[in-house]
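*Asks:* protein_19.cif (mmCIF, C-alpha atoms) pasted underneath:
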data_protein
loop_
_atom_site.label_atom_id
_atom_site.label_comp_id
_atom_site.auth_asym_id
_atom_site.auth_seq_id
_atom_site.Cartn_x
_atom_site.Cartn_y
_atom_site.Cartn_z
CA MET W 5 184.53 126.74 109.44
CA LYS W 6 184.58 128.70 112.73
CA LYS W 7 184.76 131.91 110.81
CA ILE W 8 181.72 131.01 108.76
CA ILE W 9 179.74 130.21 111.89
CA LYS W 10 180.79 133.51 113.43
CA ILE W 11 179.70 135.38 110.34
CA LEU W 12 176.43 133.49 110.31
CA ILE W 13 175.74 134.36 113.93
CA PHE W 14 176.59 137.98 113.25
CA LEU W 15 174.30 138.04 110.24
CA SER W 16 171.41 136.50 112.11
CA PHE W 17 171.82 139.13 114.84
CA LEU W 18 171.71 141.86 112.24
CA LEU W 19 168.62 140.39 110.67
CA GLY W 20 167.00 139.97 114.05
CA PHE W 21 167.58 143.60 114.98
CA SER W 22 166.46 145.05 111.69
CA GLY W 23 163.39 142.81 111.90
CA LEU W 24 162.59 144.22 115.32
CA ALA W 25 163.14 147.76 114.14
CA TYR W 26 160.85 147.07 111.21
CA LEU W 27 158.10 145.73 113.45
CA GLN W 28 158.34 148.75 115.71
CA GLU W 29 158.17 151.11 112.80
CA ARG W 30 155.08 149.35 111.53
CA SER W 31 153.47 149.60 114.91
CA GLU W 32 154.00 153.39 114.84
CA GLU W 33 152.39 153.52 111.44
CA GLY W 34 149.55 151.26 112.34
CA LEU W 35 148.62 147.65 112.96
CA VAL W 36 148.02 144.79 110.58
CA ILE W 37 146.55 141.76 112.30
CA PRO W 38 146.39 138.71 110.05
CA ASN W 39 143.17 136.71 109.92
CA GLU W 40 143.57 133.36 108.23
CA GLU W 41 139.87 132.53 108.13
CA ILE W 42 139.06 135.56 105.99
CA GLY W 43 142.40 135.75 104.22
CA ALA W 44 142.61 139.50 104.83
CA PRO W 45 143.74 141.35 107.93
CA GLU W 46 142.30 143.70 110.53
CA ILE W 47 143.92 147.09 110.00
CA VAL W 48 144.46 149.99 112.40
CA TYR W 49 145.46 153.31 110.85
CA ASN W 50 147.60 155.73 112.81
CA LYS W 51 147.78 158.56 110.29
CA PRO W 52 146.76 161.29 110.38
CA VAL W 53 145.22 160.33 113.73
CA LYS W 54 145.88 157.26 115.85
CA GLY W 55 143.46 154.40 116.14
CA VAL W 56 141.08 153.95 113.18
CA LEU W 57 139.99 150.33 112.74
CA PHE W 58 139.05 148.65 109.48
CA SER W 59 137.88 145.08 109.89
CA HIS W 60 137.80 142.58 107.03
CA LYS W 61 136.37 140.13 109.54
CA TYR W 62 133.32 142.38 109.95
CA HIS W 63 132.91 143.71 106.39
CA VAL W 64 133.61 140.39 104.66
CA GLY W 65 132.91 137.75 107.31
CA GLU W 66 129.78 139.25 108.89
CA LEU W 67 128.37 141.53 106.21
CA GLY W 68 129.38 139.28 103.34
CA LEU W 69 130.60 142.11 101.12
CA SER W 70 132.48 140.93 98.04
CA CYS W 71 136.13 141.80 97.57
CA GLU W 72 135.17 143.77 94.48
CA SER W 73 133.03 146.22 96.42
CA CYS W 74 136.29 147.71 97.72
CA HIS W 75 139.16 146.29 95.65
CA PRO W 76 140.66 147.79 93.63
CA LYS W 77 138.44 150.83 93.09
CA LEU W 78 138.39 152.17 96.65
CA PHE W 79 141.43 150.49 98.15
CA GLU W 80 144.54 148.72 96.94
CA MET W 81 145.26 145.32 98.41
CA GLN W 82 148.05 146.70 100.54
CA ALA W 83 147.49 147.45 104.17
CA LEU W 84 148.16 151.00 105.38
CA LYS W 85 148.65 152.22 101.81
CA ALA W 86 145.74 154.66 101.92
CA GLN W 87 147.17 156.59 104.85
CA GLU W 88 150.12 157.60 102.71
CA ASN W 89 147.75 159.75 100.66
CA PRO W 90 147.48 163.33 101.89
CA ASP W 91 143.70 163.26 101.40
CA PHE W 92 143.03 160.26 103.65
CA ASN W 93 140.93 162.33 106.06
CA MET W 94 137.37 163.09 107.11
CA ASN W 95 136.78 165.62 104.34
CA ALA W 96 137.55 163.01 101.70
CA LEU W 97 135.20 160.58 103.43
CA TYR W 98 132.45 163.21 103.49
CA GLN W 99 132.99 163.59 99.73
CA GLY W 100 132.42 159.90 99.18
CA LYS W 101 136.02 158.73 98.93
CA TYR W 102 137.55 155.74 100.74
CA CYS W 103 135.26 154.50 103.51
CA GLY W 104 132.90 157.36 102.61
CA ALA W 105 131.87 155.56 99.42
CA CYS W 106 129.63 153.42 101.61
CA HIS W 107 129.59 155.30 104.90
CA ASP W 108 127.33 157.98 103.50
CA GLY W 109 124.22 157.51 105.63
CA LYS W 110 122.53 155.34 103.01
CA MET W 111 124.44 152.13 102.54
CA ALA W 112 126.12 152.35 105.95
CA PHE W 113 126.14 154.83 108.82
CA ALA W 114 127.39 158.24 107.75
CA SER W 115 131.01 159.24 108.27
CA ASN W 116 130.01 162.27 110.33
CA THR W 117 128.22 160.12 112.91
CA LYS W 118 129.24 157.56 115.51
CA CYS W 119 132.83 158.79 115.56
CA ALA W 120 133.93 156.32 118.25
CA THR W 121 132.90 153.36 116.06
CA CYS W 122 135.58 153.65 113.37
CA HIS W 123 137.86 155.43 115.83
CA ILE W 124 138.92 152.98 118.52
CA GLY W 125 141.47 155.49 119.69
CA VAL W 126 144.81 155.08 121.43
CA LYS W 127 143.10 152.85 124.00
CA GLY W 128 141.76 150.50 121.33
CA LEU W 129 145.10 150.51 119.56
CA LYS W 130 146.94 149.55 122.76
CA ARG W 131 144.46 146.78 123.51
CA LEU W 132 144.94 145.26 120.06
CA GLU W 133 148.71 145.63 120.29
CA LYS W 134 148.63 143.72 123.55
CA GLU W 135 146.36 141.02 122.15
CA MET W 136 148.73 140.66 119.24
CA LYS W 137 151.78 140.30 121.49
CA THR W 138 150.20 137.86 123.92
CA GLY W 139 148.48 136.08 121.06
CA LYS W 140 145.14 135.93 122.82
CA LYS W 141 141.79 137.59 122.29
CA MET R 4 148.16 155.89 146.07
CA ILE R 5 149.13 157.14 142.64
CA LYS R 6 149.48 153.59 141.49
CA ARG R 7 146.04 152.67 142.74
CA TRP R 8 144.40 155.57 140.98
CA PHE R 9 146.34 154.97 137.90
CA LYS R 10 145.19 151.39 137.90
CA GLU R 11 141.64 152.51 138.32
CA PHE R 12 141.97 154.72 135.30
CA LYS R 13 143.69 152.06 133.28
CA ASN R 14 141.08 149.44 134.03
CA LEU R 15 138.29 151.04 132.19
CA GLY R 16 136.47 147.95 131.16
CA ASN R 17 132.85 147.52 130.32
CA GLU R 18 131.07 149.45 132.95
CA GLU R 19 127.35 149.27 133.19
CA ILE R 20 125.02 151.74 134.77
CA GLU R 21 123.14 148.79 136.27
CA LYS R 22 126.00 148.25 138.72
CA ILE R 23 125.23 151.46 140.61
CA PRO R 24 123.59 150.64 143.93
CA ASP R 25 119.91 151.51 144.23
CA GLU R 26 120.41 153.91 147.12
CA GLU R 27 122.84 155.93 145.08
CA ARG R 28 120.36 156.11 142.22
CA ARG R 29 117.63 157.25 144.56
CA GLU R 30 119.87 159.93 146.02
CA PHE R 31 120.41 161.28 142.56
CA LEU R 32 116.75 161.08 141.61
CA LYS R 33 115.84 163.03 144.73
CA ILE R 34 117.81 165.99 143.51
CA GLY R 35 116.39 165.61 140.03
CA LEU R 36 119.35 163.99 138.32
CA ILE R 37 119.62 160.88 136.23
CA ILE R 38 122.80 158.85 136.00
CA THR R 39 123.80 158.58 132.39
CA GLY R 40 127.12 156.84 132.64
CA VAL R 41 129.82 155.32 134.77
CA PHE R 42 133.53 155.75 134.38
CA ALA R 43 136.66 154.73 136.21
CA GLY R 44 135.33 151.99 138.44
CA GLY R 45 132.30 154.02 139.44
CA SER R 46 134.40 156.86 140.82
CA LEU R 47 133.20 159.18 138.09
CA LEU R 48 129.56 159.40 137.20
CA SER R 49 128.08 161.51 134.51
CA VAL R 50 124.74 162.87 135.42
CA VAL R 51 122.26 165.03 133.56
CA SER R 52 122.21 168.25 135.51
CA LYS R 53 120.08 171.34 135.36
CA VAL R 54 122.64 173.86 134.22
CA ALA R 55 120.31 175.32 131.65
CA GLU R 56 117.36 175.52 133.99
CA GLY R 57 116.47 178.85 135.48
CA LEU R 58 117.87 180.66 132.50
CA ALA R 59 118.14 184.33 133.22
CA THR R 60 118.97 187.21 130.94
CA PRO R 61 122.61 187.45 129.91
CA GLU R 62 122.94 190.55 132.06
CA GLU R 63 121.71 188.71 135.14
CA LEU R 64 123.79 185.63 134.41
CA LYS R 65 126.92 187.66 133.90
CA ASN R 66 126.72 188.76 137.50
CA ASN R 67 126.66 185.12 138.59
CA TYR R 68 130.21 184.66 137.49
CA PRO R 69 132.61 185.82 140.14
CA TYR R 70 135.72 185.89 137.98
CA LYS R 71 136.84 187.97 135.03
CA PRO R 72 137.71 186.29 132.79
CA HIS R 73 135.88 183.29 134.18
CA TYR R 74 137.79 180.53 132.44
CA SER R 75 135.80 177.48 131.47
CA MET R 76 135.96 174.51 129.14
CA VAL R 77 133.16 172.76 127.29
CA PHE R 78 133.51 169.30 125.73
CA LYS R 79 131.45 168.04 122.82
CA ILE R 80 132.05 164.47 123.82
CA ASP R 81 130.45 162.69 120.88
CA LEU R 82 133.26 164.06 118.71
CA CYS R 83 136.09 162.67 120.83
CA ILE R 84 138.05 159.95 119.01
CA ASP R 85 140.75 159.30 121.65
CA CYS R 86 143.57 160.24 119.27
CA GLU R 87 145.15 161.74 122.40
CA ARG R 88 146.78 164.64 120.60
CA CYS R 89 145.47 166.74 123.50
CA VAL R 90 147.31 164.55 125.99
CA GLU R 91 150.50 164.67 123.94
CA ALA R 92 150.34 168.46 123.58
CA CYS R 93 149.60 168.90 127.27
CA ASN R 94 152.43 166.63 128.36
CA LEU R 95 154.87 168.43 126.11
CA THR R 96 153.76 171.94 127.06
CA ASN R 97 153.62 171.32 130.79
CA GLN R 98 156.44 168.77 131.10
CA VAL R 99 154.14 166.11 132.49
CA PRO R 100 156.08 162.88 133.18
CA ASP R 101 154.77 159.65 131.71
CA TYR R 102 153.42 158.45 135.06
CA GLY R 103 151.41 161.65 135.50
CA TRP R 104 148.53 163.38 133.82
CA ARG R 105 146.86 166.75 133.58
CA THR R 106 144.22 165.65 131.14
CA MET R 107 143.20 162.20 130.03
CA ILE R 108 140.60 160.35 128.01
CA LEU R 109 138.34 157.84 129.68
CA GLU R 110 136.50 155.21 127.71
CA ARG R 111 133.13 153.62 128.20
CA TYR R 112 132.23 150.54 126.22
CA SER R 113 129.18 148.36 126.40
CA SER R 114 128.62 145.48 124.05
CA LYS R 115 124.95 145.61 125.00
CA ALA R 116 124.48 149.25 124.03
CA VAL R 117 122.12 149.98 121.17
CA ASP R 118 123.94 151.26 118.08
CA GLN R 119 127.16 152.98 119.10
CA LYS R 120 129.00 150.84 121.63
CA ARG R 121 131.80 153.15 122.65
CA ILE R 122 132.21 156.69 123.86
CA PHE R 123 135.24 158.63 125.02
CA LEU R 124 135.21 161.10 127.87
CA PRO R 125 138.00 163.65 128.18
CA ILE R 126 138.66 164.94 131.70
CA LEU R 127 140.86 167.52 133.37
CA CYS R 128 140.76 169.73 136.46
CA ASN R 129 137.27 171.25 136.72
CA HIS R 130 138.55 174.50 138.28
CA CYS R 131 135.64 174.36 140.68
CA ASN R 132 134.10 177.46 142.21
CA HIS R 133 134.16 175.65 145.56
CA PRO R 134 137.30 173.57 145.11
CA PRO R 135 137.50 170.79 147.71
CA CYS R 136 141.25 170.50 147.07
CA VAL R 137 141.89 174.12 148.05
CA ILE R 138 139.82 173.69 151.20
CA ALA R 139 141.71 170.50 152.06
CA CYS R 140 145.27 171.77 151.56
CA PRO R 141 146.90 172.45 154.94
CA THR R 142 149.65 174.71 153.56
CA LYS R 143 147.81 176.85 151.00
CA ALA R 144 149.91 175.21 148.30
CA THR R 145 146.90 175.06 146.04
CA ILE R 146 144.87 178.21 145.51
CA LYS R 147 141.85 179.49 143.63
CA ASP R 148 143.03 182.49 141.65
CA SER R 149 140.82 185.39 142.65
CA GLN R 150 140.90 186.93 139.20
CA THR R 151 140.59 184.08 136.74
CA GLY R 152 139.13 181.33 138.91
CA ILE R 153 141.97 179.00 137.87
CA VAL R 154 142.94 176.48 140.55
CA LYS R 155 146.73 176.67 140.73
CA MET R 156 149.61 175.03 142.55
CA VAL R 157 152.21 176.97 144.50
CA SER R 158 154.72 174.16 144.26
CA TYR R 159 157.23 175.32 146.83
CA LYS R 160 154.57 175.30 149.53
CA CYS R 161 153.52 171.73 148.78
CA ILE R 162 154.58 169.24 151.45
CA GLY R 163 153.40 166.23 149.47
CA CYS R 164 150.73 165.14 151.92
CA LYS R 165 148.39 164.36 149.00
CA THR R 166 145.30 165.44 150.93
CA CYS R 167 144.23 167.43 147.87
CA MET R 168 144.46 164.30 145.73
CA THR R 169 142.00 162.53 148.00
CA ALA R 170 139.74 165.57 148.19
CA CYS R 171 139.49 166.14 144.43
CA PRO R 172 136.24 164.62 143.13
CA TYR R 173 137.74 164.36 139.64
CA ASN R 174 141.06 162.63 140.35
CA ALA R 175 142.68 165.45 138.46
CA ARG R 176 145.88 165.55 140.53
CA TYR R 177 149.05 163.47 140.64
CA PHE R 178 152.25 163.66 142.63
CA ASN R 179 155.17 164.86 140.55
CA GLU R 180 158.28 163.12 141.89
CA GLU R 181 160.70 165.49 140.19
CA ARG R 182 159.04 168.61 141.59
CA HIS R 183 158.25 166.96 144.93
CA ALA R 184 154.85 168.54 144.61
CA VAL R 185 151.40 167.70 143.42
CA ASP R 186 150.82 168.80 139.86
CA LYS R 187 147.60 169.51 137.97
CA CYS R 188 146.05 171.33 135.04
CA ASP R 189 146.22 175.11 135.30
CA PHE R 190 144.46 175.77 131.99
CA CYS R 191 148.01 176.35 130.71
CA TRP R 192 148.22 179.52 132.79
CA GLU R 193 151.95 179.27 133.43
CA LYS R 194 153.03 178.15 129.97
CA ARG R 195 150.54 180.03 127.78
CA LEU R 196 147.74 182.21 129.14
CA SER R 197 150.01 184.31 131.36
CA LYS R 198 152.10 185.05 128.27
CA GLY R 199 149.07 186.07 126.29
CA ILE R 200 148.91 182.84 124.29
CA THR R 201 145.44 181.33 123.92
CA PRO R 202 143.81 178.86 123.91
CA THR R 203 145.22 176.02 126.05
CA ALA R 204 147.60 173.50 124.43
CA CYS R 205 145.00 170.72 124.48
CA VAL R 206 142.36 172.84 122.77
CA GLU R 207 144.82 173.92 120.10
CA ALA R 208 145.87 170.31 119.46
CA CYS R 209 142.39 168.77 119.21
CA PRO R 210 141.72 167.94 115.54
CA ALA R 211 138.05 167.17 116.12
CA GLY R 212 136.76 170.36 117.75
CA VAL R 213 135.90 168.56 120.99
CA ARG R 214 137.30 171.15 123.39
CA ILE R 215 136.09 174.72 123.60
CA PHE R 216 137.82 177.15 125.95
CA GLY R 217 136.81 180.63 126.93
CA ASP R 218 135.34 183.18 129.30
CA LEU R 219 132.06 182.02 130.79
CA SER R 220 131.28 185.54 131.95
CA ASP R 221 131.31 186.86 128.39
CA PRO R 222 127.90 186.40 126.72
CA LEU R 223 129.63 186.62 123.34
CA SER R 224 131.96 183.70 123.99
CA GLU R 225 131.31 180.24 122.59
CA VAL R 226 131.51 178.61 126.03
CA TYR R 227 128.81 180.97 127.26
CA ARG R 228 126.61 180.17 124.28
CA LEU R 229 127.06 176.41 124.67
CA VAL R 230 126.35 176.38 128.40
CA HIS R 231 123.29 178.60 128.24
CA GLN R 232 121.45 177.08 125.31
CA LEU R 233 118.48 174.79 125.81
CA GLY R 234 118.56 172.75 122.61
CA LYS R 235 121.17 170.26 123.75
CA PRO R 236 121.81 168.68 127.11
CA VAL R 237 124.62 170.21 129.12
CA TRP R 238 125.96 168.47 132.16
CA VAL R 239 128.80 168.43 134.64
CA LEU R 240 130.51 165.50 136.31
CA LYS R 241 129.63 164.72 139.91
CA PRO R 242 127.40 167.72 140.55
CA GLU R 243 126.38 166.24 143.90
CA THR R 244 129.70 167.18 145.49
CA GLY R 245 128.67 170.83 145.36
CA ALA R 246 132.09 171.77 144.03
CA LYS R 247 130.52 173.81 141.21
CA PRO R 248 132.80 172.76 138.40
CA ASN R 249 133.63 175.03 135.46
CA VAL R 250 134.05 172.19 132.98
CA PHE R 251 130.90 171.31 131.07
CA TYR R 252 129.90 168.51 128.76
CA THR R 253 127.55 168.55 125.81
CA ILE R 254 127.10 166.97 122.39
CA SER R 255 127.77 168.43 118.96
#
Turn this file's structure into structure tokens for me.

*Replies:*
Amino acid sequence: MKKIIKILIFLSFLLGFSGLAYLQERSEEGLVIPNEEIGAPEIVYNKPVKGVLFSHKYHVGELGLSCESCHPKLFEMQALKAQENPDFNMNALYQGKYCGACHDGKMAFASNTKCATCHIGVKGLKRLEKEMKTGKK
Amino acid sequence: MIKRWFKEFKNLGNEEIEKIPDEERREFLKIGLIITGVFAGGSLLSVVSKVAEGLATPEELKNNYPYKPHYSMVFKIDLCIDCERCVEACNLTNQVPDYGWRTMILERYSSKAVDQKRIFLPILCNHCNHPPCVIACPTKATIKDSQTGIVKMVSYKCIGCKTCMTACPYNARYFNEERHAVDKCDFCWEKRLSKGITPTACVEACPAGVRIFGDLSDPLSEVYRLVHQLGKPVWVLKPETGAKPNVFYTIS
């Protein structure tokens, strides 16, 4: 019995640590902040550059865009997937891929304008990280 | 002291131009300047200046620059995305500890702004023609290089009195505990320029083309072209101090 408990404790430690490591790794890659109201998260990309925000809350909640306007043609329903593609960059956006499908200066502001709107930067990233940890807005 | 400044820089909340006292505004208006922004608890103002006014011929202008090369940096600030690759590259190149800085990105955000609500402002030492820090240093531990115009530290002469830190209008200096000396941007002179490597580490690292580095006394250089054109506003930070900075700001 004692042995089993010991093993259990050991296992839970292991799980705990790997969980932590996983979280940290994710935070390097980017942020995924769940939003229950919308049912889809706020996402901060860190690759290739740190601090690009995509907000479901804004695009779905405020603008009322349908899921189909982005899924699955422009984006898979998997957060931070796009940044694994080597062409997830400004040039692709300028050519109408990813966010650039809408951010073309017609449907929404063009991708070569208002840089600090999509890019919240390292400062924005750190603010959101903190909000996430402290659980407050 | 370091902590206080650092705090100031870290607390870059929503700063509004409206918070500037009226007298200060009037002072600026008197000398023909308009305040366009506030950063770092009001300790840094950006002001539209008259750099481009009184444009002379390139030949005449060239003679205005006392150094050769006259190193200068121009920022196209609308392109800055605060990815901070510049900061990372600088820290790595110049062994800047995590409590220090040679360059940093300030942020201004206003929920009331029309359209774009956020802008980033990169800063570093302005390598002033009349550097208040050099004038203030009691031991000549910080000098204005007579050839390049770069404001440098002579670390072994530094007694850590931090007078230069107070004197600098741009808060571009910090005290390096390991070196027991104040440290600051030297346009990568020690680690790169003096070895024939150009441009500076931060310029090389910037993925957005925000930073342009070059010789302001060379009419063929990009910095010269950017500073002496009329089509876009060009300004410096805190022109009222009379320090004559060599770091300029413009838009793309």

*Asks:* Please expand the PyMOL selection byres ((chain R) within 9 of (chain W)) into the concrete residues it hits in this file, giving the result as a PDB file with C-alpha atoms, in the frame of the given file.

*Replies:*
ATOM      1  CA  ASP R  81     130.450 162.690 120.880  1.00  0.00           C
ATOM      2  CA  LEU R  82     133.260 164.060 118.710  1.00  0.00           C
ATOM      3  CA  CYS R  83     136.090 162.670 120.830  1.00  0.00           C
ATOM      4  CA  ILE R  84     138.050 159.950 119.010  1.00  0.00           C
ATOM      5  CA  ASP R  85     140.750 159.300 121.650  1.00  0.00           C
ATOM      6  CA  CYS R  86     143.570 160.240 119.270  1.00  0.00           C
ATOM      7  CA  GLU R  87     145.150 161.740 122.400  1.00  0.00           C
ATOM      8  CA  ARG R  88     146.780 164.640 120.600  1.00  0.00           C
ATOM      9  CA  ILE R 108     140.600 160.350 128.010  1.00  0.00           C
ATOM     10  CA  LEU R 109     138.340 157.840 129.680  1.00  0.00           C
ATOM     11  CA  GLU R 110     136.500 155.210 127.710  1.00  0.00           C
ATOM     12  CA  ASP R 118     123.940 151.260 118.080  1.00  0.00           C
ATOM     13  CA  GLN R 119     127.160 152.980 119.100  1.00  0.00           C
ATOM     14  CA  LYS R 120     129.000 150.840 121.630  1.00  0.00           C
ATOM     15  CA  ARG R 121     131.800 153.150 122.650  1.00  0.00           C
ATOM     16  CA  ILE R 122     132.210 156.690 123.860  1.00  0.00           C
ATOM     17  CA  PHE R 123     135.240 158.630 125.020  1.00  0.00           C
ATOM     18  CA  PRO R 210     141.720 167.940 115.540  1.00  0.00           C
TER      19      PRO R 210
END

*Asks:* I would like the residues chosen by the PyMOL selection byres ((chain W and resi 47) around 6) on the shown file; could you give them as JSON, numbers by chain?

*Replies:* {"W": [35, 36, 46, 48, 57, 58]}

*Asks:* Using Å and a single decimal, report how far CA of Ser115 in chain W sits from CA of Glu66 in chain W.

*Replies:*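 About the pair CA of Glu66 in chain W and CA of Ser115 in chain W: they are 20.0 Å apart.
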
*Asks:* Would you please work out which residue, of R:Cys209, R:Ile146, R:Leu233, R:Cys128, is nearest to Cys171 in chain R when using all atoms listed in the file?

*Replies:*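 With all atoms listed in the file as the atom set, the closest residue is R:Cys128.
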
*Asks:* On this structure, the PyMOL selection byres ((chain W and resi 74) around 12) would catch which residues? List them as an NGL selection string, sorted by chain and number.

*Replies:* :W and (60 or 63-64 or 69-73 or 75-81 or 101-106)

*Asks:* Any idea what the distance is between CA of Lys110 in chain W and CA of Val117 in chain R?

*Replies:* 18.9 Å

*Asks:* I'd like the contact shell of Ala246 in chain R - 12 Å cut-off, all atoms listed in the file, skipping same-chain residues fewer than 6 positions apart - returned as a PyMOL selection string.

*Replies:* chain R and resi 128-138+170-173+239-240

*Asks:* Excluding Glu88 in chain W and residues on its chain fewer than 3 positions from it, collect all residues at most 10 Å away from it, counting all atoms listed in the file, and give them as a list in words.

*Replies:*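 Near neighbours after the sequence-gap exclusion: Glu33, Lys51, Pro52, Leu84, Lys85, Asp91 and Phe92 of chain W.
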
*Asks:* Record the distance separating CA of Ile254 in chain R and CA of Phe78 in chain R, expressed in Å with one decimal.

*Replies:* 7.6 Å

*Asks:* With a distance cut-off of 10 Å and only C-alpha atoms, select the neighbouring residues of Pro141 in chain R, excluding the residue or stretch itself and same-chain residues fewer than 5 positions from it, and output the selection as a PyMOL selection string.

*Replies:* chain R and resi 136+160-162+164+166-167

*Asks:* Need to verify the contact set: Asp186 in chain R, 12 Å, all atoms listed in the file, exclusion of same-chain residues closer than 6 positions in sequence. Can you return it as a ChimeraX atom specification?

*Replies:* /R:94,97-100,102-106,127-128,144-145,154-159,161,163,165,167-168,174-180

*Asks:* Considering only C-alpha atoms, return as a list in words whatever protein or nucleic-acid residues lie within 10 Å of Ser255 in chain R, sequence-local ones (same chain, fewer than 2 positions apart) excluded.

*Replies:*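 My reading of the contact set: Phe78, Lys79, Ile80, Asp81, Leu82, Gly212, Val213, Leu229, Lys235 and Thr253 of chain R.
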
*Asks:* Would you mind exporting the chosen residues as a compact mmCIF listing (two decimals), in the frame of the given file, restricted to C-alpha atoms?

*Replies:*
# COMPACT_ATOMS: atom_id res chain seq x y z
CA PHE R 78 133.51 169.30 125.73
CA LYS R 79 131.45 168.04 122.82
CA ILE R 80 132.05 164.47 123.82
CA ASP R 81 130.45 162.69 120.88
CA LEU R 82 133.26 164.06 118.71
CA GLY R 212 136.76 170.36 117.75
CA VAL R 213 135.90 168.56 120.99
CA LEU R 229 127.06 176.41 124.67
CA LYS R 235 121.17 170.26 123.75
CA THR R 253 127.55 168.55 125.81
